[in-house]
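Engineer: The structure follows.
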Amino acid sequence: MSEGSTIFDVQRVSKVYHTRSRHAHAVTALNDVTFSVGEGDSMAIVGESGSGKSTLSRLLLALEAPTSGTVSYRGQVISGRDERELRDFRRRVQIVFQDPMSSLDPHMKVHDLLAEPLRALKIEADEGERVRELLTSVEMPVSSANRYAHQFSGGQRQRIAIARALGPSPEVLIADEPVSALDVSVRAQILNLLTELVHDFNLTLVFISHDMAVVRHLCMSIVVLYRGNLIEMGKTEELFASPREDYTKELLAAAPRIRAVRATRGVPGREA
Amino acid sequence: MPLLRVRDLSVTSGSLTLVNGVNLEVNAGERVGLIGESGSGKSLTALAIAGLLGEGLRASGEVSLDGEDLVAATERRRCEVRGSRIAMVFQEPMSALNPTRRIGDQVGETLRIHQGLSRRSAEKAAVDLLRRVEFADPERYVRMYPHELSGGQRQRVMIASAISCDPEVILADEPTTALDVTVQRRVLDLLDRLVDESGCALLLIAHDLAVVSEVCDRVVTMYGGRVVESGSVAQIIDDPHHPYTKALLATSKALSVAETSLGTSLPSIPGTVPNAGQFPRGCPFRDRCDRRVEACVEVPPTLVRDTRTLACWNPVVDDEPVLEEAP
């Protein structure tokens, strides 16, 4: 969908989870999914809980291997590889999770949270200097380095999680519902920050969400998942203008809208 | 007289004042939305109304249900009211439901306690309640445990439990925040229908003005533990007077699916909500406000005109309304 080269190529990917219970059937989390993400794209993966979007993110991160099909990164198949072969991949592809309270270790100071990926990936840098840079790029005071994650608000914690992801200078950022747990006003701040960072660092963005408004704001193209199947994909504005599938239409219609007059009964605000 | 009348309600924790002189009223059949960011005091206000404040928190002021003050009442009396006349729906159904007890048992519990139903008839009632909240196969679901349900189903179970004694007031604290958009739509429509059918009053707490504008008749904005503005949905959406309400509205609008577009900068409120006890003196919003004036170091009085209230020294006004000080 973009002019640049292909970053992710997902070809006929299925993922089946087998359960230990004798009664339960195997769960097909993804079923024959094919799409690609080009360099510089901002691609949304949308769907509700159970649609397979988080499974897909784990496959893109090579944290799990598909049951069938392949996931390639810049032409190389990444699933089932030895971790040593993936070291460069691990540096280049980073993730921000939904809940920064559970994704940030409460025992670690912010400095260590930001330095840990650099140490793990053996990235040579002046640690203190890099941590200050990262905090500045997410608009946090450098003094935050000496504090713990729990001392910050939800929005600030998500900034720290983003700074941590940016540490290894990735080219791809995978964001799994990064603003769903945030208030509307904080959500706007984090989205503005993400927009700037994607631009400033030339990031390719894979954005996982169920919120069509957020997706419309941040992403050029959209993949719609429904119960493990890719049911629709396309450029964002085209998909908003003429969604083909009923489920996509439902997603668009479900989002609440600001109304001066209550919609359901059409009664104007009462004057007591 | 309004069904639920909150007068000068404050919640304190030691020397910290977390909710400060809140006034609000909800009439029978009315839906009132309480909005504000996390840390504005919305949830504490609801918990204080329900008499569910945790240890170390103290409520003062008046919470009257049909003329009876619940703050002054004994805990025993509050227990009689809570669950039967005032019901609450929480944000996190997974932590509000008991993971070790069956759904039917939990939905029927309120009826056993308040109406003395036997275990058997409570379970029968639970089946009917689950049907009312749109479970297709309620006989099967009463036997299940919370972990076997999806987030949306759990929230519907919470609602079934809340409506079991036909309460006069439902307090719903961010009931759809943790849910997917399509599930949120269903839960909101369900709440809307149930309130319509029963004619009860609804106090809906949300940070998203879009949700409130779809469901409610009136809006109350809180910040720093205080009510800063209130009015009808039409008044607040068309013509917000408080800079905080205006900023929340601008953000909610920009983030609503019909208005947003790729890459534009979203309006947001600068800074963050301070921790309790760290709000500035005077108007709690003044540090983040782009309309602050010298007077803002003093707490603004709450002005009342018709159905609107406002506490701001330098309000956003288009039509220069004459506001008068509250009696």
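Residues in the structure tokens are named by chain (A, B, ... in the order shown) and by number from 1 within that chain; ligands are numbered from 1 in the order shown.
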For B:Pro138, work out the shell of residues within 8 Å, counting only C-alpha atoms and skipping chain neighbours fewer than 5 positions away, then give it as a PyMOL selection string.
Structural biologist: chain B and resi 127-128+130-131
Engineer: Would you write out, as a tab-separated table, a table of all residues in chain A that have an atom no more than 9 Å from an atom of chain B, listing for each the closest atom pair and the distance in Å to one decimal, considering only C-alpha atoms and ordering rows by chain and rising residue number?
Structural biologist:
```
residue	atom	partner	partner_atom	distance
A:Gly47	CA	B:Asp180	CA	8.7
A:Glu48	CA	B:Asp180	CA	5.9
A:Ser49	CA	B:Asp180	CA	6.9
A:Ser153	CA	B:Thr272	CA	8.1
A:Gly155	CA	B:Thr272	CA	8.4
A:Gln156	CA	B:Thr272	CA	8.8
A:Ser180	CA	B:Ala178	CA	8.0
A:Ala181	CA	B:Ala178	CA	7.4
A:Leu182	CA	B:Ser38	CA	8.8
A:Asp183	CA	B:His207	CA	6.1
A:Val184	CA	B:Asp208	CA	6.2
A:Ser185	CA	B:Ser268	CA	5.4
A:Val186	CA	B:Ser268	CA	7.3
A:Arg187	CA	B:Ser268	CA	8.5
A:Ala188	CA	B:Ser268	CA	5.7
A:Gln189	CA	B:Ser268	CA	6.0
A:Leu191	CA	B:Leu266	CA	7.8
A:Asn192	CA	B:Ser265	CA	6.0
A:Thr195	CA	B:Gly263	CA	6.6
A:Glu196	CA	B:Gly263	CA	9.0
A:His210	CA	B:Asp180	CA	6.3
A:Asp211	CA	B:Val181	CA	6.5
A:Met212	CA	B:Val257	CA	6.4
A:Ala213	CA	B:Val257	CA	4.0
A:Val214	CA	B:Leu255	CA	6.7
A:Val215	CA	B:Leu262	CA	8.6
A:Arg216	CA	B:Ser261	CA	5.8
A:His217	CA	B:Leu262	CA	4.3
A:Leu218	CA	B:Leu262	CA	5.6
A:Cys219	CA	B:Leu262	CA	6.8
A:Met220	CA	B:Leu262	CA	7.4
A:Thr236	CA	B:Leu262	CA	8.8
A:Glu237	CA	B:Ser261	CA	8.6
A:Glu250	CA	B:Thr182	CA	7.2
A:Leu251	CA	B:Thr182	CA	6.1
A:Leu252	CA	B:Val257	CA	7.6
A:Ala253	CA	B:Thr182	CA	8.5
A:Ala254	CA	B:Thr182	CA	5.3
A:Ala255	CA	B:Val181	CA	5.9
A:Pro256	CA	B:Ala210	CA	5.5
A:Arg257	CA	B:Ala210	CA	5.0
A:Ile258	CA	B:Ala210	CA	4.3
A:Arg259	CA	B:Ser213	CA	5.4
A:Ala260	CA	B:Ala234	CA	4.3
A:Val261	CA	B:Ala234	CA	5.7
A:Arg262	CA	B:Glu214	CA	5.2
A:Ala263	CA	B:Glu214	CA	5.8
A:Thr264	CA	B:Glu214	CA	7.4
A:Val267	CA	B:Asp217	CA	8.3
A:Pro268	CA	B:Ala234	CA	6.9
A:Gly269	CA	B:Ser232	CA	4.9
A:Arg270	CA	B:Ser232	CA	6.5
A:Glu271	CA	B:Thr307	CA	6.3
A:Ala272	CA	B:Thr307	CA	6.6
```
Engineer: Run DSSP on the backbone and grab whatever in stretch 87-280 of chain B lands in alpha helix (DSSP H); send it over as a VMD selection string.
Structural biologist: chain B and resid 93 to 96 103 to 115 119 to 132 138 to 141 151 to 163 181 to 198 209 to 215 233 to 238 243 to 254
Engineer: Identify, on the basis of only C-alpha atoms, every residue whose closest approach to stretch 94-96 of chain B does not exceed 10 Å; exclude the query and any residue fewer than 6 positions from it along the same chain; express the result as a JSON list (two decimals) with N, CA and C atoms, in the first residue's frame.
Structural biologist:
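To be explicit, this is the file written out as around-v3.json:
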```
[["chain", "number", "residue", "atom", "x", "y", "z"],
["B", 146, "PRO", "N", -18.32, -16.44, 36.78],
["B", 146, "PRO", "CA", -17.95, -15.22, 36.04],
["B", 146, "PRO", "C", -16.85, -15.44, 35.00],
["B", 147, "HIS", "N", -15.86, -16.30, 35.28],
["B", 147, "HIS", "CA", -14.75, -16.43, 34.33],
["B", 147, "HIS", "C", -15.19, -17.09, 33.02],
["B", 149, "LEU", "N", -17.69, -16.13, 31.33],
["B", 149, "LEU", "CA", -18.42, -15.13, 30.56],
["B", 149, "LEU", "C", -17.47, -14.12, 29.94],
["B", 150, "SER", "N", -17.92, -13.47, 28.87],
["B", 150, "SER", "CA", -17.13, -12.39, 28.28],
["B", 150, "SER", "C", -17.33, -11.11, 29.09],
["B", 151, "GLY", "N", -16.52, -10.09, 28.81],
["B", 151, "GLY", "CA", -16.62, -8.83, 29.55],
["B", 151, "GLY", "C", -18.00, -8.20, 29.45],
["B", 154, "ARG", "N", -20.50, -10.18, 31.52],
["B", 154, "ARG", "CA", -20.33, -9.92, 32.95],
["B", 154, "ARG", "C", -20.97, -8.59, 33.32],
["B", 155, "GLN", "N", -20.81, -7.60, 32.45],
["B", 155, "GLN", "CA", -21.39, -6.30, 32.76],
["B", 155, "GLN", "C", -22.91, -6.39, 32.75],
["B", 158, "MET", "N", -23.93, -7.77, 36.04],
["B", 158, "MET", "CA", -23.90, -6.71, 37.05],
["B", 158, "MET", "C", -25.18, -5.89, 36.98]]
```
Engineer: So that I can check the surroundings of stretch 13-20 of chain A, please list as a PyMOL selection string every protein, DNA and RNA residue that reaches within 10 Å of it, counting only C-alpha atoms and ignoring chain neighbours fewer than 3 positions away.
Structural biologist: chain A and resi 10+23-35+52+55-56+59+64-71+228-229
Engineer: So that I have them on file, write out the residues from the current selection with C-alpha atoms, as a short mmCIF file (atom, residue, chain, number, x, y, z; two decimals), in the first residue's frame.
Structural biologist:
```cif
data_model
loop_
_atom_site.label_atom_id
_atom_site.label_comp_id
_atom_site.auth_asym_id
_atom_site.auth_seq_id
_atom_site.Cartn_x
_atom_site.Cartn_y
_atom_site.Cartn_z
CA VAL A 10 1.82 -12.24 6.37
CA HIS A 23 -14.13 -31.42 26.36
CA ALA A 24 -13.05 -28.21 24.72
CA HIS A 25 -12.28 -28.07 21.04
CA ALA A 26 -9.17 -26.52 19.59
CA VAL A 27 -9.51 -22.75 19.17
CA THR A 28 -8.75 -21.25 15.79
CA ALA A 29 -7.47 -17.78 16.69
CA LEU A 30 -6.49 -16.86 13.16
CA ASN A 31 -7.70 -18.42 9.94
CA ASP A 32 -5.83 -18.03 6.65
CA VAL A 33 -4.88 -14.37 7.08
CA THR A 34 -2.88 -12.62 4.34
CA PHE A 35 -1.74 -9.00 4.23
CA GLY A 52 -7.42 -12.60 16.86
CA THR A 55 -2.58 -13.26 18.50
CA LEU A 56 -1.59 -11.54 15.28
CA LEU A 59 3.05 -13.54 15.52
CA GLU A 64 4.81 -17.32 18.71
CA ALA A 65 4.90 -19.27 15.47
CA PRO A 66 1.87 -19.72 13.21
CA THR A 67 0.30 -23.18 12.92
CA SER A 68 0.47 -22.79 9.16
CA GLY A 69 1.54 -20.05 6.78
CA THR A 70 4.47 -17.67 7.17
CA VAL A 71 5.26 -14.29 8.68
CA GLY A 228 -9.97 -14.89 13.29
CA ASN A 229 -10.77 -14.06 9.69
#
```
Engineer: With only C-alpha atoms as the atoms that count, which of A:Arg147, A:His199, A:Lys235, A:Arg91 lies nearest to A:Arg164?
Structural biologist: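 Between A:Arg147, A:His199, A:Lys235, A:Arg91, the residue approaching A:Arg164 most closely is A:Arg91.
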Engineer: Please report the interatomic distance between atom CA of A:Pro106 and atom CA of A:Ala149 in Å with one decimal.
Structural biologist: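 Between atom CA of A:Pro106 and atom CA of A:Ala149 the gap works out to 6.0 Å.
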Engineer: Residues near B:Glu62, anyone? I mean within 7 Å using only C-alpha atoms, not counting same-chain ones fewer than 6 positions away, as a list in words.
Structural biologist: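 The neighbour list is Val6, Arg7, Asp8, Leu9, Asp69 and Val71 of chain B.
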Engineer: What does the file look like for those residues with N, CA and C atoms, as an mmCIF file, in the first residue's frame?
Structural biologist:
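Resulting contents of selection.cif:
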```
data_model
loop_
_atom_site.group_PDB
_atom_site.id
_atom_site.type_symbol
_atom_site.label_atom_id
_atom_site.label_comp_id
_atom_site.auth_asym_id
_atom_site.auth_seq_id
_atom_site.Cartn_x
_atom_site.Cartn_y
_atom_site.Cartn_z
ATOM 1 N N VAL B 6 -28.206 15.777 46.588
ATOM 2 C CA VAL B 6 -26.900 15.806 47.229
ATOM 3 C C VAL B 6 -26.579 17.264 47.527
ATOM 4 N N ARG B 7 -26.356 17.574 48.802
ATOM 5 C CA ARG B 7 -26.092 18.960 49.217
ATOM 6 C C ARG B 7 -24.776 19.044 49.963
ATOM 7 N N ASP B 8 -23.877 19.846 49.429
ATOM 8 C CA ASP B 8 -22.638 20.148 50.139
ATOM 9 C C ASP B 8 -21.908 18.871 50.587
ATOM 10 N N LEU B 9 -21.878 17.896 49.700
ATOM 11 C CA LEU B 9 -21.238 16.611 50.020
ATOM 12 C C LEU B 9 -19.723 16.749 49.932
ATOM 13 N N ASP B 69 -32.210 11.644 54.768
ATOM 14 C CA ASP B 69 -30.763 11.861 54.677
ATOM 15 C C ASP B 69 -30.009 10.574 55.009
ATOM 16 N N VAL B 71 -26.599 10.192 54.845
ATOM 17 C CA VAL B 71 -25.314 10.411 55.519
ATOM 18 C C VAL B 71 -25.525 10.351 57.033
#
```
Engineer: Env of A:Phe207: 8 Å cut, atoms = only C-alpha atoms, seq-sep filter 4 positions within chain, self excluded. Answer as a ChimeraX atom specification.
Structural biologist: /A:42-45,174-177,215,219
Engineer: Would you write out those residues with C-alpha atoms, as an mmCIF file, in the first residue's frame?
Structural biologist:
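That gives us selection_32.cif:
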```cif
data_model
loop_
_atom_site.group_PDB
_atom_site.id
_atom_site.type_symbol
_atom_site.label_atom_id
_atom_site.label_comp_id
_atom_site.auth_asym_id
_atom_site.auth_seq_id
_atom_site.Cartn_x
_atom_site.Cartn_y
_atom_site.Cartn_z
ATOM 1 C CA SER A 42 0.564 3.144 9.498
ATOM 2 C CA MET A 43 -1.653 0.104 9.538
ATOM 3 C CA ALA A 44 -4.533 -0.533 11.897
ATOM 4 C CA ILE A 45 -5.660 -3.996 12.874
ATOM 5 C CA ILE A 174 3.545 -2.227 17.258
ATOM 6 C CA ALA A 175 1.009 -0.605 19.566
ATOM 7 C CA ASP A 176 -1.598 -2.890 21.142
ATOM 8 C CA GLU A 177 -4.531 -0.715 22.281
ATOM 9 C CA VAL A 215 -7.728 4.438 14.018
ATOM 10 C CA CYS A 219 -3.674 5.091 10.422
#
```
Engineer: May I ask for the distance between atom CA of A:Leu193 and atom CA of A:Glu133, given in Å to one decimal place?
Structural biologist: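 Going from atom CA of A:Leu193 over to atom CA of A:Glu133, I get 15.1 Å.
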